[in-house]
Amino acid sequence: MKKIFLSFIVFLLISSTVFSQEEIQVVLLAGQSNMAGRGITEELDAAFIKRIHDVSDRVFISTSDVEKSKPIPLSTLKKSFGPELMVGLTLAEANPKQHYLLIKKAVGGTSLYGAWNTEWTLEKAMLAERGKVRQSLQLYKQHIKNIKRTLNDVKKQGKKYKILGVLWMQGESDTNKEITATNYQSNLKKLIAGYRKEVQINDLPFVIGQVNVLPRKYKEGPAQVRTAMLNVANSDDNIAIIKTSTDASWLDYPKHSDNLHYNTVGQKRLGMAFAKELIQLINK
């Protein structure tokens, strides 16, 4: 395993071209901890890592807020990963001549009512978020800023781009309170409208990962948020949803023992499901 990681480092050192074709296919990813990812990289087998390596000159990811930071190859693996790994791999293997750029923003424990709200206020953030750090976050605004900066850099390289869609994995936090759960549907509609307006694509595909967290502080919360996600998906032909089971065996998308975060297998399946739904929306 260490030899494989070392080969990736060598690859990065000798690679000088970020993009090598005219049009870059762009996918936007956003959410909280299950989008940030708890898949364990060390559990990936050599054959899978080789597949990632084989597409590493065609799939790049940007997660940084720092100005002048450049997208890095998908093969720049860290200790943990989210759905982006399988999203990038699935898209690249399905389209061997395409190049992809994933622009991701994800922070664990954050709420659509608070940090991700398109109509953010400090009052809303204080109601929804835990701790001063999260209460100060304006994640939707930050993601939009990252998207525009990164795509502007693509244009400066003389490249064209096409935004394929948004992948959304968030909502566990909003199940905890009545006010966040009951407002989830309206806030999700506003979020989708916000992304579409900012990128100027009225029918921009949007894929929702349906949360399946167990009831916690507010018992009705999980069912309310899950239903809200379904309602939003059913309201628009360009919105899809990855349906999940509430059976605590988590056989569809396996989880860690915390019954909250998807494990390595779960994250791989989640990423593949996101890519599949996105491809179906694109090909309608």
# chains A, B, ... in the order shown; residues from 1 in each chain; ligands from 1
$ select_by_dssp --residues "segment 26-268 of chain A" --states "strand (DSSP E or B)" --output "VMD selection string"
chain A and resid 26 to 31 39 to 40 59 to 62 72 to 73 80 to 81 99 to 106 160 to 169 206 to 209 239 to 242 255 262
$ residues_around --residues "segment 194-198 of chain A" --least-positions-apart "2" --cutoff "9 Å" --atoms "only C-alpha atoms" --output "VMD selection string"
chain A and resid 118 140 144 148 166 189 to 192 200 to 205
$ atom_distance --atom1 "atom CA of Val59 of chain A" --atom2 "atom CA of Glu43 of chain A"
21.5 Å
$ select_by_dssp --residues "segment 125-191 of chain A" --states "helix (DSSP H, G or I)" --output "PyMOL selection string"
chain A and resi 125-128+131-135+139-156+173-176+178-182+184-191
$ write_last_selection --atoms "C-alpha atoms" --output "PDB file, in the first residue's frame"
ATOM      1  CA  ALA A 125     -27.095  30.344  12.639  1.00  0.00           C
ATOM      2  CA  MET A 126     -27.281  30.638  16.418  1.00  0.00           C
ATOM      3  CA  LEU A 127     -30.536  28.652  16.443  1.00  0.00           C
ATOM      4  CA  ALA A 128     -29.224  25.888  14.207  1.00  0.00           C
ATOM      5  CA  GLY A 131     -20.551  26.495  18.820  1.00  0.00           C
ATOM      6  CA  LYS A 132     -19.269  29.883  17.730  1.00  0.00           C
ATOM      7  CA  VAL A 133     -17.161  28.493  14.875  1.00  0.00           C
ATOM      8  CA  ARG A 134     -20.078  26.881  13.060  1.00  0.00           C
ATOM      9  CA  GLN A 135     -22.318  29.834  13.910  1.00  0.00           C
ATOM     10  CA  LEU A 139     -21.031  27.776   3.680  1.00  0.00           C
ATOM     11  CA  TYR A 140     -23.335  28.392   0.747  1.00  0.00           C
ATOM     12  CA  LYS A 141     -21.753  31.785   0.175  1.00  0.00           C
ATOM     13  CA  GLN A 142     -18.256  30.312   0.543  1.00  0.00           C
ATOM     14  CA  HIS A 143     -18.977  27.487  -1.881  1.00  0.00           C
ATOM     15  CA  ILE A 144     -20.290  29.901  -4.500  1.00  0.00           C
ATOM     16  CA  LYS A 145     -17.159  31.995  -4.075  1.00  0.00           C
ATOM     17  CA  ASN A 146     -14.945  28.911  -4.471  1.00  0.00           C
ATOM     18  CA  ILE A 147     -16.856  27.827  -7.575  1.00  0.00           C
ATOM     19  CA  LYS A 148     -16.541  31.190  -9.293  1.00  0.00           C
ATOM     20  CA  ARG A 149     -12.861  31.558  -8.396  1.00  0.00           C
ATOM     21  CA  THR A 150     -11.987  28.061  -9.573  1.00  0.00           C
ATOM     22  CA  LEU A 151     -13.915  28.364 -12.832  1.00  0.00           C
ATOM     23  CA  ASN A 152     -12.380  31.745 -13.488  1.00  0.00           C
ATOM     24  CA  ASP A 153      -8.957  30.071 -13.202  1.00  0.00           C
ATOM     25  CA  VAL A 154     -10.102  27.464 -15.748  1.00  0.00           C
ATOM     26  CA  LYS A 155     -11.025  30.255 -18.177  1.00  0.00           C
ATOM     27  CA  LYS A 156      -7.658  31.926 -17.618  1.00  0.00           C
ATOM     28  CA  SER A 173     -28.031  18.090  11.589  1.00  0.00           C
ATOM     29  CA  ASP A 174     -31.432  19.509  10.648  1.00  0.00           C
ATOM     30  CA  THR A 175     -33.253  16.493  12.094  1.00  0.00           C
ATOM     31  CA  ASN A 176     -32.332  17.563  15.616  1.00  0.00           C
ATOM     32  CA  GLU A 178     -38.315  21.166  15.091  1.00  0.00           C
ATOM     33  CA  ILE A 179     -37.566  24.531  13.506  1.00  0.00           C
ATOM     34  CA  THR A 180     -34.766  23.188  11.302  1.00  0.00           C
ATOM     35  CA  ALA A 181     -36.677  20.049  10.300  1.00  0.00           C
ATOM     36  CA  THR A 182     -39.976  21.755   9.483  1.00  0.00           C
ATOM     37  CA  TYR A 184     -36.007  21.899   5.508  1.00  0.00           C
ATOM     38  CA  GLN A 185     -38.187  21.599   2.416  1.00  0.00           C
ATOM     39  CA  SER A 186     -38.434  25.337   1.772  1.00  0.00           C
ATOM     40  CA  ASN A 187     -34.755  25.854   2.525  1.00  0.00           C
ATOM     41  CA  LEU A 188     -33.732  23.050   0.155  1.00  0.00           C
ATOM     42  CA  LYS A 189     -35.813  24.556  -2.651  1.00  0.00           C
ATOM     43  CA  LYS A 190     -34.135  27.904  -2.050  1.00  0.00           C
ATOM     44  CA  LEU A 191     -30.700  26.258  -2.065  1.00  0.00           C
TER      45      LEU A 191
END
$ closest_residue --among "A:Ser235, A:Thr76, A:Gln25, A:Ser136" --to "Ile103 of chain A" --atoms "only C-alpha atoms"
A:Gln25
$ residues_around --residues "Ala94 of chain A" --least-positions-apart "3" --cutoff "12 Å" --atoms "only C-alpha atoms" --output "VMD selection string"
chain A and resid 55 86 to 91 97 to 100 272 275 to 276 279
$ atom_distance --atom1 "atom CA of Lys105 of chain A" --atom2 "atom CA of Met35 of chain A"
8.3 Å
$ closest_residue --among "A:Lys284, A:Leu85, A:Ile61, A:Leu28" --to "Ile49 of chain A" --atoms "only C-alpha atoms"
A:Leu85
$ residues_around --residues "Lys78 of chain A" --least-positions-apart "5" --cutoff "10 Å" --atoms "only C-alpha atoms" --output "number ranges by chain"
A: 40-42
$ residues_around --residues "Asn212 of chain A" --least-positions-apart "6" --cutoff "8 Å" --atoms "only C-alpha atoms" --output "list of chain:residue names"
A:Glu172, A:Pro222, A:Arg226, A:Thr244, A:Ser245, A:Thr246
$ atom_distance --atom1 "atom CA of Gly158 of chain A" --atom2 "atom CA of Asn283 of chain A"
27.1 Å
$ residues_around --residues "Ile239 of chain A" --least-positions-apart "4" --cutoff "6 Å" --atoms "only C-alpha atoms" --output "number ranges by chain"
A: 205-207, 233
